[in-house]
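Below: one structure, written as structure tokens.
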Amino acid sequence: MKKGSALIHDPQLYRHIPVTHWYHAATLTKMLKTNPVLYIKPDKGSQGTGIIRIKRINNFESLISFKSSSQKYPNTRIAFEVAKRMQRGKRYIIQQGIPLATYRKKPFDLRIVLQKPSNRWLLTWMSAKVAPRSNSIVTNVAKGARDAKIEQVLRGADQGLNVPSVMKELSGVSYKIARKLGSRFPLRIVGLDMGIDKKGKVWFIEANTNPSFHGLNKFDPVQYRRYLRAKKQIEAHS
């Protein structure tokens with residue numbers, strides 16, 4: 001929430017940030033009336049664990065997806081059912097769902113890593129994360145998604161995206177986010193989860209200050225060496 005709040009008030013970035021609030025049952029009821037899809041996430045978490053997705057079916061019932069199961073409930077019961085799936089003691093946020101673009105009918109998002117080995121940010125990694133199924137709740141590799149080359153996925157997207165335009169906006173927005181977060185927090189590396197919606201608009205999903213690179217050295221050795229070089233420079237100046 002701290003990271004999102006720093007971005008949502010920026011005049012250049014706010015349009016790329018989904019509507020996000022601290023979770024309260026009343027906020028859920030209000031947002032469900034205006035958003036067809038909502039995500040409820042632990043404010044502190046990783047690898048997509050604990051995320052709850054709600055899809056509004058109509059004015060009377062919605063579909064709750066959690067872990068590997070989905071079930072319909074009356075809208076009057078949704079807040080009660082969400083509370084049953086929350087971990088005690090954790091704070092949650094509620095966020096507008098983004099209609100992600102799809103690749104071979106599976107939603108995908110993008111992993112962007114920027115590092116600051118000296119006095120400026122460098123974009124050292126870009127890849128796509130393709131969900132394992134068309135109805136997957138999350139696109140985390142830890143939950144079965146697969147990494148793929150970003151241009152391959154963008155060019156093969158079911159929506160026929162304008163790839164040069166998307167790549168330009170994606171790079172520009174990512175650098176702006178890194179600079180903004182770097183001005184608020186003592187960061188030298190940041191991993192951004194970014195989304196592309198079905199119309200080709202770039203969205204910020206979340207920022208990780210300790211991005212996971214499990215298996216990525218096998219996926220693209222060239223990018224991985226670039227990441228390691230920047231990492232060594234950062235460690236040398238620490």
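In the structure tokens, the first chain shown is A, the next is B, and so on; residue numbers restart at 1 for each chain, and ligands run from 1 in the order shown.
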Given only C-alpha atoms, how would the per-residue table for segment 88-178 of chain A near segment 26-46 of chain A read, listing every residue at most 8 Å away with its closest atom pair and distance in Å to one decimal, sorted by chain and number, as a tab-separated table?
residue	atom	partner	partner_atom	distance
A:Lys90	CA	A:Pro42	CA	6.5
A:Arg91	CA	A:Asp43	CA	5.7
A:Tyr92	CA	A:Pro42	CA	4.3
A:Ile93	CA	A:Lys41	CA	5.4
A:Ile94	CA	A:Ile40	CA	4.5
A:Gln95	CA	A:Tyr39	CA	5.2
A:Gln96	CA	A:Leu38	CA	5.0
A:Gly97	CA	A:Leu38	CA	4.7
A:Ile98	CA	A:Val37	CA	7.6
Atoms kept (N, CA and C atoms) for selection, written as a JSON list (two decimals), in the first residue's frame:
[["chain", "number", "residue", "atom", "x", "y", "z"],
["A", 90, "LYS", "N", -3.34, -10.60, 9.37],
["A", 90, "LYS", "CA", -2.81, -9.92, 8.18],
["A", 90, "LYS", "C", -3.73, -8.79, 7.76],
["A", 91, "ARG", "N", -3.14, -7.70, 7.25],
["A", 91, "ARG", "CA", -3.93, -6.63, 6.64],
["A", 91, "ARG", "C", -4.04, -6.90, 5.14],
["A", 92, "TYR", "N", -5.19, -6.58, 4.59],
["A", 92, "TYR", "CA", -5.45, -6.83, 3.17],
["A", 92, "TYR", "C", -5.80, -5.54, 2.45],
["A", 93, "ILE", "N", -5.50, -5.54, 1.15],
["A", 93, "ILE", "CA", -5.95, -4.46, 0.29],
["A", 93, "ILE", "C", -6.98, -5.02, -0.69],
["A", 94, "ILE", "N", -7.78, -4.15, -1.26],
["A", 94, "ILE", "CA", -8.74, -4.53, -2.29],
["A", 94, "ILE", "C", -8.46, -3.68, -3.52],
["A", 95, "GLN", "N", -8.42, -4.33, -4.67],
["A", 95, "GLN", "CA", -7.93, -3.67, -5.87],
["A", 95, "GLN", "C", -8.82, -3.98, -7.08],
["A", 96, "GLN", "N", -8.99, -2.95, -7.88],
["A", 96, "GLN", "CA", -9.69, -3.08, -9.17],
["A", 96, "GLN", "C", -9.00, -4.17, -10.01],
["A", 97, "GLY", "N", -9.77, -5.10, -10.56],
["A", 97, "GLY", "CA", -9.22, -6.12, -11.43],
["A", 97, "GLY", "C", -8.96, -5.58, -12.83],
["A", 98, "ILE", "N", -7.84, -5.98, -13.42],
["A", 98, "ILE", "CA", -7.48, -5.54, -14.77],
["A", 98, "ILE", "C", -7.79, -6.67, -15.75]]
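Among the candidate residues A:Asn135, A:Asn59, A:Ser165, A:Thr20, the one lying nearest to Thr102 of chain A is A:Asn135, with distances computed using only C-alpha atoms.
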Inset, instruction - Report the residues of segment 63-222 of chain A whose backbone DSSP state falls under strand (DSSP E), written as a ChimeraX atom specification. - result: /A:63-66,69-74,92-96,102-103,106-115,122-130,146-148,189-196,202-208
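Nearest residue to Trp203 of chain A, choosing from A:Gly89, A:Val19, A:Arg53, A:Met1 and counting only C-alpha atoms: A:Val19.
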Legend entry - Distance in Å - atom CA of Arg179 of chain A versus atom CA of Lys149 of chain A: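 Between these atoms lies a distance of 25.1 Å.
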Legend entry - Which of A:Pro107, A:Arg120, A:Ala25, A:Asn210 sits closest to Arg77 of chain A [using only C-alpha atoms]: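 Among the listed residues, A:Ala25 lies closest to Arg77 of chain A.
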Inset, instruction - Give me the residues within 10 Å of Ala128 of chain A as an NGL selection string, counting only C-alpha atoms and dropping any in the same chain fewer than 3 places off. - result: :A and (108-112 or 131 or 139 or 145-154 or 193-195)
Restricting it to N, CA and C atoms, dump the selection as an mmCIF file, in the first residue's frame.
data_model
loop_
_atom_site.group_PDB
_atom_site.id
_atom_site.type_symbol
_atom_site.label_atom_id
_atom_site.label_comp_id
_atom_site.auth_asym_id
_atom_site.auth_seq_id
_atom_site.Cartn_x
_atom_site.Cartn_y
_atom_site.Cartn_z
ATOM 1 N N PHE A 108 -1.710 -13.106 -19.206
ATOM 2 C CA PHE A 108 -0.288 -12.934 -18.897
ATOM 3 C C PHE A 108 -0.043 -11.552 -18.329
ATOM 4 N N ASP A 109 1.033 -11.444 -17.549
ATOM 5 C CA ASP A 109 1.529 -10.132 -17.153
ATOM 6 C C ASP A 109 3.034 -10.116 -17.381
ATOM 7 N N LEU A 110 3.681 -9.050 -16.955
ATOM 8 C CA LEU A 110 5.075 -8.847 -17.325
ATOM 9 C C LEU A 110 5.930 -8.596 -16.097
ATOM 10 N N ARG A 111 7.127 -9.152 -16.104
ATOM 11 C CA ARG A 111 8.097 -8.950 -15.035
ATOM 12 C C ARG A 111 9.173 -7.991 -15.564
ATOM 13 N N ILE A 112 9.303 -6.840 -14.915
ATOM 14 C CA ILE A 112 10.290 -5.833 -15.296
ATOM 15 C C ILE A 112 11.193 -5.593 -14.087
ATOM 16 N N ALA A 131 -0.071 -17.434 -17.526
ATOM 17 C CA ALA A 131 -0.785 -18.275 -16.558
ATOM 18 C C ALA A 131 -0.947 -19.691 -17.095
ATOM 19 N N THR A 139 -0.666 -14.982 -11.973
ATOM 20 C CA THR A 139 0.300 -15.356 -13.006
ATOM 21 C C THR A 139 1.690 -15.538 -12.405
ATOM 22 N N ALA A 145 2.704 -20.611 -13.425
ATOM 23 C CA ALA A 145 2.864 -19.836 -14.664
ATOM 24 C C ALA A 145 4.244 -20.113 -15.258
ATOM 25 N N ARG A 146 4.396 -19.813 -16.539
ATOM 26 C CA ARG A 146 5.704 -20.025 -17.161
ATOM 27 C C ARG A 146 6.245 -18.699 -17.691
ATOM 28 N N ASP A 147 7.553 -18.555 -17.598
ATOM 29 C CA ASP A 147 8.207 -17.379 -18.167
ATOM 30 C C ASP A 147 8.369 -17.570 -19.665
ATOM 31 N N ALA A 148 8.226 -16.470 -20.383
ATOM 32 C CA ALA A 148 8.382 -16.510 -21.839
ATOM 33 C C ALA A 148 8.976 -15.191 -22.303
ATOM 34 N N LYS A 149 9.535 -15.192 -23.497
ATOM 35 C CA LYS A 149 10.116 -13.968 -24.029
ATOM 36 C C LYS A 149 9.012 -12.950 -24.291
ATOM 37 N N ILE A 150 9.254 -11.734 -23.864
ATOM 38 C CA ILE A 150 8.199 -10.728 -23.848
ATOM 39 C C ILE A 150 7.677 -10.396 -25.244
ATOM 40 N N GLU A 151 8.577 -10.232 -26.197
ATOM 41 C CA GLU A 151 8.117 -9.863 -27.542
ATOM 42 C C GLU A 151 7.347 -11.006 -28.189
ATOM 43 N N GLN A 152 7.753 -12.233 -27.922
ATOM 44 C CA GLN A 152 7.027 -13.386 -28.461
ATOM 45 C C GLN A 152 5.576 -13.383 -27.980
ATOM 46 N N VAL A 153 5.389 -13.124 -26.689
ATOM 47 C CA VAL A 153 4.043 -13.139 -26.125
ATOM 48 C C VAL A 153 3.232 -11.943 -26.614
ATOM 49 N N LEU A 154 3.845 -10.760 -26.635
ATOM 50 C CA LEU A 154 3.115 -9.578 -27.096
ATOM 51 C C LEU A 154 2.701 -9.723 -28.555
ATOM 52 N N ASP A 193 5.717 -5.895 -11.353
ATOM 53 C CA ASP A 193 4.737 -6.704 -12.075
ATOM 54 C C ASP A 193 3.837 -5.726 -12.805
ATOM 55 N N MET A 194 3.867 -5.800 -14.126
ATOM 56 C CA MET A 194 3.105 -4.880 -14.964
ATOM 57 C C MET A 194 2.108 -5.674 -15.802
ATOM 58 N N GLY A 195 0.968 -5.065 -16.080
ATOM 59 C CA GLY A 195 -0.053 -5.722 -16.887
ATOM 60 C C GLY A 195 -0.334 -4.950 -18.162
#
Inset, instruction - Find the residues near Gln12 of chain A: any atom within 10 Å, counting only C-alpha atoms, skip ones fewer than 5 places away on the same chain, and give them as a ChimeraX atom specification. - result: /A:7,173,176-177
Given the selection you just returned, output its residues as a file containing N, CA, C and O atoms, formatted as a PDB file, in the first residue's frame.
ATOM      1  N   LEU A   7       2.575   6.206  -5.857  1.00  0.00           N
ATOM      2  CA  LEU A   7       2.408   6.304  -7.306  1.00  0.00           C
ATOM      3  C   LEU A   7       1.068   6.926  -7.708  1.00  0.00           C
ATOM      4  O   LEU A   7       0.989   7.640  -8.710  1.00  0.00           O
ATOM      5  N   VAL A 173       6.935   3.913 -18.565  1.00  0.00           N
ATOM      6  CA  VAL A 173       6.218   3.871 -17.288  1.00  0.00           C
ATOM      7  C   VAL A 173       7.065   3.179 -16.222  1.00  0.00           C
ATOM      8  O   VAL A 173       7.107   3.607 -15.060  1.00  0.00           O
ATOM      9  N   LYS A 176       9.684   5.534 -14.882  1.00  0.00           N
ATOM     10  CA  LYS A 176       9.061   6.551 -14.028  1.00  0.00           C
ATOM     11  C   LYS A 176       8.710   5.982 -12.656  1.00  0.00           C
ATOM     12  O   LYS A 176       8.888   6.638 -11.627  1.00  0.00           O
ATOM     13  N   ILE A 177       8.209   4.735 -12.645  1.00  0.00           N
ATOM     14  CA  ILE A 177       7.868   4.102 -11.368  1.00  0.00           C
ATOM     15  C   ILE A 177       9.121   3.879 -10.526  1.00  0.00           C
ATOM     16  O   ILE A 177       9.140   4.167  -9.320  1.00  0.00           O
TER      17      ILE A 177
END
Inset, instruction - Choose the residue, out of A:Arg85, A:Lys67, A:Lys201, A:Lys129, that has the smallest atom-to-atom separation from Lys168 of chain A; count only C-alpha atoms. - result: A:Lys201
